[in-house]
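Coordinates as given in run22.txt (compact mmCIF, C-alpha atoms and all ligand atoms):
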```
# COMPACT_ATOMS: atom_id res chain seq x y z
CA MET G 1 23.57 24.93 -46.80
CA SER G 2 20.14 23.42 -47.52
CA THR G 3 18.23 21.57 -44.80
CA ASP G 4 18.13 17.80 -45.25
CA LEU G 5 14.48 16.72 -45.11
CA SER G 6 15.07 13.26 -46.52
CA ILE G 7 15.07 11.63 -43.06
CA ARG G 8 13.46 12.44 -39.70
CA ALA G 9 15.83 14.65 -37.68
CA VAL G 10 15.08 12.84 -34.42
CA ALA G 11 18.39 13.87 -32.84
CA ILE G 12 17.36 17.54 -32.81
CA ARG G 13 15.09 18.42 -29.88
CA GLU G 14 12.68 21.31 -29.62
CA LEU G 15 13.63 24.18 -27.32
CA MET G 16 10.31 23.86 -25.47
CA ASP G 17 11.22 20.30 -24.42
CA ASP G 18 14.33 21.54 -22.56
CA PRO G 19 13.63 21.35 -18.81
CA ASP G 20 15.79 24.48 -18.42
CA ALA G 21 13.98 26.47 -21.11
CA ASP G 22 13.36 30.15 -20.33
CA LEU G 23 9.95 30.05 -18.61
CA ARG G 24 8.83 33.41 -19.97
CA MET G 25 9.54 32.31 -23.55
CA LEU G 26 7.94 28.93 -22.92
CA GLU G 27 4.75 30.53 -21.62
CA ARG G 28 4.67 32.94 -24.53
CA THR G 29 4.99 29.87 -26.79
CA TYR G 30 1.93 28.26 -25.13
CA ASP G 31 0.12 31.55 -25.59
CA ARG G 32 0.93 31.73 -29.31
CA PHE G 33 -0.06 28.11 -30.08
CA SER G 34 -3.68 29.17 -30.57
CA LEU G 35 -2.65 31.61 -33.29
CA VAL G 36 -0.52 29.02 -35.11
CA ASN G 37 -3.16 26.32 -34.76
CA SER G 38 -5.92 28.56 -36.08
CA VAL G 39 -3.90 28.94 -39.30
CA VAL G 40 -2.40 25.48 -39.80
CA SER G 41 -4.28 22.89 -37.73
CA ARG G 42 -7.92 23.47 -38.66
CA TRP G 43 -9.58 21.85 -35.65
CA ARG G 44 -12.78 23.77 -36.33
CA ALA G 45 -13.32 21.62 -39.44
CA VAL G 46 -12.45 18.44 -37.51
CA TYR G 47 -14.85 19.47 -34.75
CA ARG G 48 -17.67 19.97 -37.28
CA ARG G 49 -16.98 16.77 -39.20
CA GLU G 50 -15.97 14.29 -36.50
CA ILE G 51 -16.73 15.52 -33.00
CA ARG G 52 -19.97 17.50 -33.16
CA PRO G 53 -22.00 14.70 -34.81
CA ARG G 54 -21.06 12.37 -31.93
CA ALA G 55 -21.95 14.98 -29.31
CA GLN G 56 -25.31 15.57 -31.01
CA LYS G 57 -26.27 11.97 -30.18
CA GLN G 58 -25.12 11.95 -26.55
CA SER G 59 -22.92 13.69 -24.01
CA ILE G 60 -19.31 12.71 -24.77
CA ARG G 61 -15.87 12.67 -23.13
CA LEU G 62 -12.87 13.84 -25.15
CA LEU G 63 -9.19 13.38 -24.28
CA ASP G 64 -6.56 15.72 -25.81
CA VAL G 65 -3.11 14.12 -25.39
CA GLY G 66 -0.04 16.38 -25.36
CA ALA G 67 -2.37 19.36 -25.00
CA GLY G 68 0.43 21.85 -24.23
CA GLY G 69 -1.19 25.10 -23.13
CA GLY G 70 -4.59 23.56 -23.92
CA ASP G 71 -5.68 25.82 -26.78
CA VAL G 72 -7.23 23.04 -28.90
CA SER G 73 -9.01 21.66 -25.82
CA ARG G 74 -10.42 25.08 -24.91
CA ALA G 75 -11.49 25.73 -28.50
CA ILE G 76 -13.42 22.44 -28.65
CA ALA G 77 -15.04 23.10 -25.26
CA ALA G 78 -16.06 26.60 -26.42
CA TRP G 79 -17.49 25.39 -29.76
CA ALA G 80 -19.47 22.69 -27.97
CA HIS G 81 -20.77 25.21 -25.43
CA ARG G 82 -21.84 27.55 -28.25
CA ASP G 83 -23.63 24.64 -29.97
CA GLY G 84 -25.39 23.72 -26.73
CA LEU G 85 -23.61 20.35 -26.62
CA SER G 86 -22.08 18.49 -23.71
CA ILE G 87 -18.44 17.55 -24.25
CA HIS G 88 -16.31 16.93 -21.18
CA VAL G 89 -12.77 17.80 -22.32
CA THR G 90 -9.68 16.46 -20.56
CA ALA G 91 -6.37 18.08 -21.57
CA LEU G 92 -3.40 15.87 -20.74
CA ASP G 93 0.25 16.87 -20.87
CA ALA G 94 3.36 15.23 -19.45
CA ASP G 95 5.00 18.61 -18.81
CA ALA G 96 4.00 20.22 -15.50
CA ARG G 97 4.94 23.67 -16.86
CA ALA G 98 2.31 23.36 -19.61
CA ILE G 99 -0.41 22.24 -17.21
CA ARG G 100 0.45 24.97 -14.69
CA TRP G 101 0.09 27.58 -17.44
CA ALA G 102 -3.10 26.02 -18.83
CA LEU G 103 -4.76 25.86 -15.40
CA GLY G 104 -4.75 29.66 -15.34
CA ARG G 105 -6.76 29.73 -18.61
CA GLY G 106 -9.82 27.77 -17.40
CA GLY G 107 -12.27 27.39 -20.26
CA GLY G 108 -14.25 24.54 -18.72
CA VAL G 109 -11.46 22.03 -19.38
CA ASP G 110 -10.10 19.42 -16.98
CA TYR G 111 -6.28 19.81 -17.11
CA ARG G 112 -4.08 16.95 -15.97
CA CYS G 113 -0.33 16.43 -15.85
CA ALA G 114 0.10 12.77 -16.81
CA TYR G 115 0.97 10.24 -19.49
CA THR G 116 -1.74 8.15 -21.18
CA SER G 117 -0.28 5.12 -19.38
CA ASP G 118 -1.25 6.78 -16.06
CA LEU G 119 -4.96 6.75 -16.95
CA ALA G 120 -6.37 3.56 -15.55
CA GLY G 121 -10.04 2.58 -15.74
CA GLU G 122 -11.03 5.68 -17.74
CA VAL G 123 -12.54 5.74 -21.23
CA PHE G 124 -13.22 8.50 -23.74
CA ASP G 125 -15.49 8.71 -26.77
CA VAL G 126 -12.90 10.70 -28.70
CA VAL G 127 -9.12 10.72 -28.18
CA ILE G 128 -7.18 13.38 -30.08
CA SER G 129 -3.75 14.92 -30.30
CA ASN G 130 -2.29 17.84 -32.20
CA HIS G 131 1.43 18.22 -32.94
CA LEU G 132 2.30 15.43 -30.52
CA LEU G 133 3.54 12.58 -32.74
CA HIS G 134 6.76 14.28 -33.83
CA HIS G 135 7.72 14.84 -30.15
CA LEU G 136 7.69 11.13 -29.37
CA ILE G 137 10.89 9.13 -29.04
CA GLY G 138 11.73 5.42 -28.92
CA ASP G 139 8.68 3.25 -28.23
CA GLU G 140 6.49 6.21 -27.33
CA LEU G 141 4.56 6.10 -30.63
CA PRO G 142 3.49 2.42 -30.41
CA ASP G 143 2.80 2.91 -26.69
CA LEU G 144 0.63 5.97 -27.39
CA LEU G 145 -1.35 4.12 -30.06
CA GLN G 146 -1.89 1.13 -27.79
CA ASP G 147 -2.99 3.40 -24.94
CA SER G 148 -5.30 5.36 -27.27
CA VAL G 149 -7.15 2.19 -28.25
CA ARG G 150 -7.36 1.08 -24.61
CA LEU G 151 -8.77 4.47 -23.62
CA ALA G 152 -11.40 4.59 -26.38
CA THR G 153 -14.98 3.52 -25.70
CA ALA G 154 -16.79 0.96 -27.82
CA GLY G 155 -17.72 3.03 -30.89
CA GLY G 156 -14.93 5.46 -30.01
CA LEU G 157 -12.67 7.45 -32.32
CA VAL G 158 -8.96 8.28 -32.10
CA LEU G 159 -7.45 11.06 -34.22
CA HIS G 160 -3.78 11.97 -33.93
CA ARG G 161 -3.05 14.91 -36.22
CA ASP G 162 0.38 16.28 -36.98
CA ILE G 163 2.55 17.94 -39.60
CA GLU G 164 3.72 16.07 -42.68
CA ARG G 165 7.44 16.61 -43.29
CA SER G 166 8.02 18.11 -46.73
CA ARG G 167 9.80 20.96 -48.48
CA PHE G 168 6.41 22.68 -48.86
CA ALA G 169 5.85 22.55 -45.08
CA TYR G 170 9.40 23.62 -44.17
CA TRP G 171 9.77 26.51 -46.58
CA GLY G 172 6.12 27.52 -46.28
CA PHE G 173 6.32 27.75 -42.47
CA GLY G 174 9.72 29.45 -42.68
CA ALA G 175 8.52 32.09 -45.13
CA GLY G 176 5.10 32.48 -43.50
CA THR G 177 6.50 33.15 -40.02
CA LEU G 178 9.49 35.32 -41.01
CA PRO G 179 7.55 38.64 -41.06
CA PHE G 180 6.22 37.89 -37.55
CA GLU G 181 9.52 36.82 -35.96
CA LYS G 182 10.07 40.19 -34.26
CA ASN G 183 6.48 41.08 -33.43
CA LEU G 184 3.67 38.50 -33.05
CA LEU G 185 6.02 35.58 -32.45
CA ALA G 186 8.79 37.50 -30.64
CA ASP G 187 10.07 36.06 -27.33
CA SER G 188 8.61 32.65 -28.12
CA PHE G 189 9.98 29.36 -29.44
CA ILE G 190 7.30 29.18 -32.15
CA ARG G 191 9.45 29.81 -35.20
CA ALA G 192 12.54 27.85 -34.16
CA ASP G 193 10.55 24.93 -32.76
CA GLY G 194 8.14 24.96 -35.69
CA LEU G 195 11.02 24.42 -38.11
CA THR G 196 12.49 21.71 -35.86
CA SER G 197 9.04 20.08 -35.61
CA ILE G 198 8.80 19.82 -39.38
CA ARG G 199 12.26 18.22 -39.52
CA ARG G 200 11.20 15.70 -36.83
CA ALA G 201 7.78 15.01 -38.41
CA TYR G 202 6.81 11.87 -40.33
CA THR G 203 6.12 11.63 -44.03
CA PHE G 204 2.95 9.87 -45.17
CA GLY G 205 4.97 6.73 -46.03
CA GLU G 206 6.83 6.67 -42.70
CA LEU G 207 3.69 7.08 -40.60
CA SER G 208 1.81 4.49 -42.68
CA ALA G 209 4.68 2.04 -42.11
CA ALA G 210 4.67 2.74 -38.35
CA ALA G 211 0.88 2.43 -38.01
CA PRO G 212 -0.29 -0.91 -36.56
CA PRO G 213 -3.17 -2.82 -38.19
CA GLY G 214 -6.52 -1.06 -37.73
CA TRP G 215 -5.00 2.43 -38.07
CA ARG G 216 -5.32 4.56 -41.20
CA VAL G 217 -3.25 7.52 -42.33
CA ARG G 218 -4.78 10.33 -44.34
CA ARG G 219 -3.35 13.56 -45.73
CA ALA G 220 -5.01 16.92 -45.10
CA PHE G 221 -4.26 20.51 -46.05
CA PRO G 222 -1.95 22.24 -45.24
CA ALA G 223 0.81 19.65 -44.78
CA ARG G 224 -1.20 17.60 -42.26
CA LEU G 225 -1.23 13.90 -41.49
CA GLU G 226 -4.10 12.30 -39.62
CA LEU G 227 -3.62 8.93 -37.96
CA ARG G 228 -7.05 7.51 -37.32
CA TRP G 229 -8.56 4.54 -35.49
CA GLU G 230 -12.25 3.77 -35.06
CA SER G 231 -13.48 0.95 -32.92
CA SER G 232 -16.11 0.11 -35.57
CA ASN G 233 -13.29 -0.52 -38.11
CA ALA G 234 -10.89 -2.15 -35.67
CA SER G 235 -11.02 -5.61 -37.22
CA SER G 236 -10.76 -4.39 -40.85
C1 LIG G 301 4.06 21.04 -29.74
S1 LIG G 301 3.24 20.79 -28.21
C2 LIG G 301 1.56 20.75 -28.82
C3 LIG G 301 0.61 21.36 -27.85
C4 LIG G 301 -0.85 21.38 -28.30
N1 LIG G 301 -1.34 20.07 -28.64
C5 LIG G 301 -1.08 22.35 -29.44
O1 LIG G 301 -1.24 21.90 -30.58
O2 LIG G 301 -1.10 23.55 -29.18
C6 LIG G 301 3.50 19.09 -27.76
C7 LIG G 301 3.17 18.79 -26.31
O3 LIG G 301 3.21 17.38 -26.12
C8 LIG G 301 3.68 17.12 -24.81
N2 LIG G 301 4.16 15.71 -24.77
C9 LIG G 301 5.24 15.18 -25.35
N3 LIG G 301 5.29 13.85 -25.16
C10 LIG G 301 4.18 13.53 -24.43
C11 LIG G 301 3.65 12.32 -23.92
N4 LIG G 301 4.26 11.14 -24.13
N5 LIG G 301 2.49 12.35 -23.24
C12 LIG G 301 1.85 13.54 -23.02
N6 LIG G 301 2.32 14.72 -23.47
C13 LIG G 301 3.46 14.73 -24.17
C14 LIG G 301 4.77 18.16 -24.59
O4 LIG G 301 4.99 18.38 -23.21
C15 LIG G 301 4.14 19.37 -25.31
O5 LIG G 301 3.44 20.20 -24.41
```
Written as structure tokens, how would this file's structure read?
Ligand SMILES: C[S@@+](CC[C@H](N)C(=O)[O-])C[C@H]1O[C@@H](n2cnc3c(N)ncnc32)[C@H](O)[C@@H]1O
Amino acid sequence: MSTDLSIRAVAIRELMDDPDADLRMLERTYDRFSLVNSVVSRWRAVYRREIRPRAQKQSIRLLDVGAGGGDVSRAIAAWAHRDGLSIHVTALDADARAIRWALGRGGGVDYRCAYTSDLAGEVFDVVISNHLLHHLIGDELPDLLQDSVRLATAGGLVLHRDIERSRFAYWGFGAGTLPFEKNLLADSFIRADGLTSIRRAYTFGELSAAAPPGWRVRRAFPARLELRWESSNASS
């Protein structure tokens, strides 16, 4: 039977979100995120285009929401260090298991177990997320966007990047990960949760419709959506 991708499969939850998930498999999943992200998420390009130019003007603070095991946070901190730039990276995740695992990885990142609504009186020059939007349920998306704007400095930038749901993404990820199911990705939730993530993800039209005024949605390769807010464009 073919998988229905015509609507968001919000009733199906990812295995990693189960509080009773096998801890060993969950931790292996955090460990493998860096591999997956290096292929599909392309934060190096985002760092070069959006983050580095800001850090070249002044020392900046960056918040990574739903950071999981913190691989994107650590990568940004490492690139900045290599470029001789000062970026203070805070990796935030609501799941204590993710933060516990990430704390053991260091990397010059400040790891915190919290929701964005818990951050009071703090501001960041850049707020990002990767593969977070499709996890959100109910009012969590509008709440996240409202919090992101509140947490951004004057002149700040918010970039929430995620998968775009499509046949290309679903079958491409399915075929691309199949040879690695029993080796590189074994004993992790990467393949199963990746396919579920794509089924839960927004299309360009859905995310555009959900985006409040001031936010823009852009497509990127491969099968990426970027939801963007800049304080300089906030009134446009
Ligand atoms: C698929 S993982 C992505 C991890 C990481 N960003 C990456 O790309 O490797 C999504 C993470 O978002 C976290 N999460 C879900 N809802 C959240 C929320 N409302 N606030 C903070 N974290 C959340 C989950 O605990 C999970 O670790």
Enclosing box along x, y and z for every listed atom of ligand LIG 301 (chain G), padded 5 Å each side, centre and size in Å, one decimal, as JSON:
```
{"center_x": 2.0, "center_y": 17.3, "center_z": -26.8, "size_x": 16.6, "size_y": 22.4, "size_z": 17.6}
```
Which residues are near Ser197 in chain G? Cut-off 9 Å, only C-alpha atoms, ignore same chain within fewer than 3 positions. Put them as a list in words.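 Residues near the query, excluding close chain neighbours: Ala9, Arg13, Glu14, His131, His134, His135, Ile163, Arg165, Ala192, Asp193, Gly194, Arg200 and Ala201 of chain G.
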Just the residues within 12 Å of Ala211 in chain G, please, counting only C-alpha atoms, with nothing from its chain fewer than 4 positions along; format it as a PyMOL selection string. chain G and resi 133+141-146+160+202+204-207+215-218+226-229
With a distance cut-off of 9 Å and only C-alpha atoms, select the neighbouring residues of range 46-57 of chain G, excluding the residue or stretch itself and same-chain residues fewer than 6 positions from it, and output the selection as a PyMOL selection string. chain G and resi 76+79-80+83+85-87+125-126+157
Contacts of ligand LIG 301 (chain G), 7 Å or closer, only C-alpha atoms and all ligand atoms, given as a PyMOL selection string: chain G and resi 17+30+33-34+37+65-72+92-95+98+114-116+129-132+135-136+140
Please, what distance in Å, to one decimal, runs between CA of Ala45 in chain G and CA of Gly156 in chain G?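 Here the two named atoms are 18.8 Å from each other.
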Select, from G:Leu63, G:Leu184, G:Leu35, G:Ala75, the residue with the minimum atom-to-atom distance to Tyr111 in chain G, counting all atoms listed in the file.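 That would be G:Leu63, the residue with the smallest distance to Tyr111 in chain G.
Proximity to Val123 in chain G at 10 Å, evaluated using all atoms listed in the file and with sequence-adjacent residues fewer than 3 positions away removed, yields Arg61, Leu62, Leu63, Leu119, Ala120, Val126, Val127, Ser148, Val149, Arg150, Leu151, Ala152, Thr153, Ala154 and Gly156 of chain G.
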Pick the closest to Gly155 in chain G from G:Thr177, G:Ala102, G:Ile60, G:Ala11: which is it, counting only C-alpha atoms?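 Under the stated criterion, the closest residue is G:Ile60.
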Find the distance between CA of Glu164 in chain G and CA of Arg191 in chain G and write it in Å to one decimal.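 Atom-to-atom, CA of Glu164 in chain G and CA of Arg191 in chain G are spaced 16.7 Å apart.
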Please indicate the distance in Å from CA of Phe168 in chain G to CA of Ile137 in chain G, rounded to one decimal place. 24.4 Å
Working from the structure I just supplied, which lacks atoms in range 173-184 of chain G, can you model all heavy atoms there and output them as an mmCIF file, keeping the file's coordinate frame?
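Output contents, as saved in result-v5.cif:
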```cif
data_model
loop_
_atom_site.group_PDB
_atom_site.id
_atom_site.type_symbol
_atom_site.label_atom_id
_atom_site.label_comp_id
_atom_site.auth_asym_id
_atom_site.auth_seq_id
_atom_site.Cartn_x
_atom_site.Cartn_y
_atom_site.Cartn_z
ATOM 1 N N PHE G 173 6.363 27.268 -43.858
ATOM 2 C CA PHE G 173 6.320 27.750 -42.470
ATOM 3 C C PHE G 173 7.418 28.797 -42.252
ATOM 4 O O PHE G 173 7.202 29.828 -41.612
ATOM 5 C CB PHE G 173 6.489 26.579 -41.495
ATOM 6 C CG PHE G 173 6.391 26.986 -40.053
ATOM 7 C CD1 PHE G 173 5.157 27.155 -39.447
ATOM 8 C CD2 PHE G 173 7.541 27.218 -39.297
ATOM 9 C CE1 PHE G 173 5.059 27.558 -38.117
ATOM 10 C CE2 PHE G 173 7.457 27.616 -37.970
ATOM 11 C CZ PHE G 173 6.212 27.784 -37.377
ATOM 12 N N GLY G 174 8.598 28.508 -42.829
ATOM 13 C CA GLY G 174 9.720 29.450 -42.680
ATOM 14 C C GLY G 174 9.380 30.808 -43.256
ATOM 15 O O GLY G 174 9.568 31.844 -42.604
ATOM 16 N N ALA G 175 8.848 30.818 -44.470
ATOM 17 C CA ALA G 175 8.520 32.090 -45.130
ATOM 18 C C ALA G 175 7.319 32.752 -44.464
ATOM 19 O O ALA G 175 7.287 33.974 -44.274
ATOM 20 C CB ALA G 175 8.233 31.844 -46.615
ATOM 21 N N GLY G 176 6.337 31.940 -44.075
ATOM 22 C CA GLY G 176 5.100 32.480 -43.500
ATOM 23 C C GLY G 176 5.308 33.105 -42.131
ATOM 24 O O GLY G 176 4.578 34.026 -41.738
ATOM 25 N N THR G 177 6.295 32.629 -41.379
ATOM 26 C CA THR G 177 6.500 33.150 -40.020
ATOM 27 C C THR G 177 7.575 34.245 -39.960
ATOM 28 O O THR G 177 7.635 34.976 -38.962
ATOM 29 C CB THR G 177 6.900 32.006 -39.037
ATOM 30 O OG1 THR G 177 8.012 31.289 -39.583
ATOM 31 C CG2 THR G 177 5.726 31.071 -38.795
ATOM 32 N N LEU G 178 8.379 34.356 -41.028
ATOM 33 C CA LEU G 178 9.490 35.320 -41.010
ATOM 34 C C LEU G 178 9.032 36.765 -40.712
ATOM 35 O O LEU G 178 9.626 37.433 -39.854
ATOM 36 C CB LEU G 178 10.247 35.253 -42.351
ATOM 37 C CG LEU G 178 11.589 35.972 -42.398
ATOM 38 C CD1 LEU G 178 12.541 35.456 -41.319
ATOM 39 C CD2 LEU G 178 12.222 35.804 -43.784
ATOM 40 N N PRO G 179 7.957 37.253 -41.352
ATOM 41 C CA PRO G 179 7.550 38.640 -41.060
ATOM 42 C C PRO G 179 7.074 38.844 -39.621
ATOM 43 O O PRO G 179 6.961 39.983 -39.162
ATOM 44 C CB PRO G 179 6.365 38.872 -42.026
ATOM 45 C CG PRO G 179 6.418 37.758 -43.011
ATOM 46 C CD PRO G 179 7.113 36.609 -42.360
ATOM 47 N N PHE G 180 6.775 37.751 -38.911
ATOM 48 C CA PHE G 180 6.220 37.890 -37.550
ATOM 49 C C PHE G 180 7.220 37.555 -36.446
ATOM 50 O O PHE G 180 6.905 37.580 -35.260
ATOM 51 C CB PHE G 180 4.980 36.973 -37.411
ATOM 52 C CG PHE G 180 3.962 37.233 -38.474
ATOM 53 C CD1 PHE G 180 3.715 36.311 -39.472
ATOM 54 C CD2 PHE G 180 3.273 38.441 -38.492
ATOM 55 C CE1 PHE G 180 2.789 36.569 -40.467
ATOM 56 C CE2 PHE G 180 2.342 38.712 -39.482
ATOM 57 C CZ PHE G 180 2.098 37.769 -40.478
ATOM 58 N N GLU G 181 8.472 37.240 -36.899
ATOM 59 C CA GLU G 181 9.520 36.820 -35.960
ATOM 60 C C GLU G 181 9.754 37.854 -34.858
ATOM 61 O O GLU G 181 9.969 37.495 -33.706
ATOM 62 C CB GLU G 181 10.802 36.622 -36.773
ATOM 63 C CG GLU G 181 11.860 35.836 -36.096
ATOM 64 C CD GLU G 181 13.079 35.665 -37.002
ATOM 65 O OE1 GLU G 181 13.193 36.391 -38.019
ATOM 66 O OE2 GLU G 181 13.906 34.801 -36.678
ATOM 67 N N LYS G 182 9.688 39.130 -35.224
ATOM 68 C CA LYS G 182 10.070 40.190 -34.260
ATOM 69 C C LYS G 182 8.852 40.901 -33.675
ATOM 70 O O LYS G 182 8.983 41.867 -32.948
ATOM 71 C CB LYS G 182 10.992 41.188 -34.951
ATOM 72 C CG LYS G 182 12.291 40.529 -35.399
ATOM 73 C CD LYS G 182 13.408 41.541 -35.527
ATOM 74 C CE LYS G 182 14.770 40.904 -35.572
ATOM 75 N NZ LYS G 182 14.994 39.981 -36.666
ATOM 76 N N ASN G 183 7.668 40.446 -34.021
ATOM 77 C CA ASN G 183 6.480 41.080 -33.430
ATOM 78 C C ASN G 183 5.577 40.012 -32.819
ATOM 79 O O ASN G 183 5.761 39.624 -31.672
ATOM 80 C CB ASN G 183 5.754 41.969 -34.445
ATOM 81 C CG ASN G 183 5.671 41.339 -35.840
ATOM 82 O OD1 ASN G 183 4.941 40.380 -36.022
ATOM 83 N ND2 ASN G 183 6.419 41.859 -36.803
ATOM 84 N N LEU G 184 4.632 39.467 -33.602
ATOM 85 C CA LEU G 184 3.670 38.500 -33.050
ATOM 86 C C LEU G 184 4.306 37.296 -32.376
ATOM 87 O O LEU G 184 3.818 36.789 -31.371
ATOM 88 C CB LEU G 184 2.769 37.978 -34.181
ATOM 89 C CG LEU G 184 1.495 38.722 -34.504
ATOM 90 C CD1 LEU G 184 0.736 37.981 -35.592
ATOM 91 C CD2 LEU G 184 0.635 38.851 -33.248
#
```
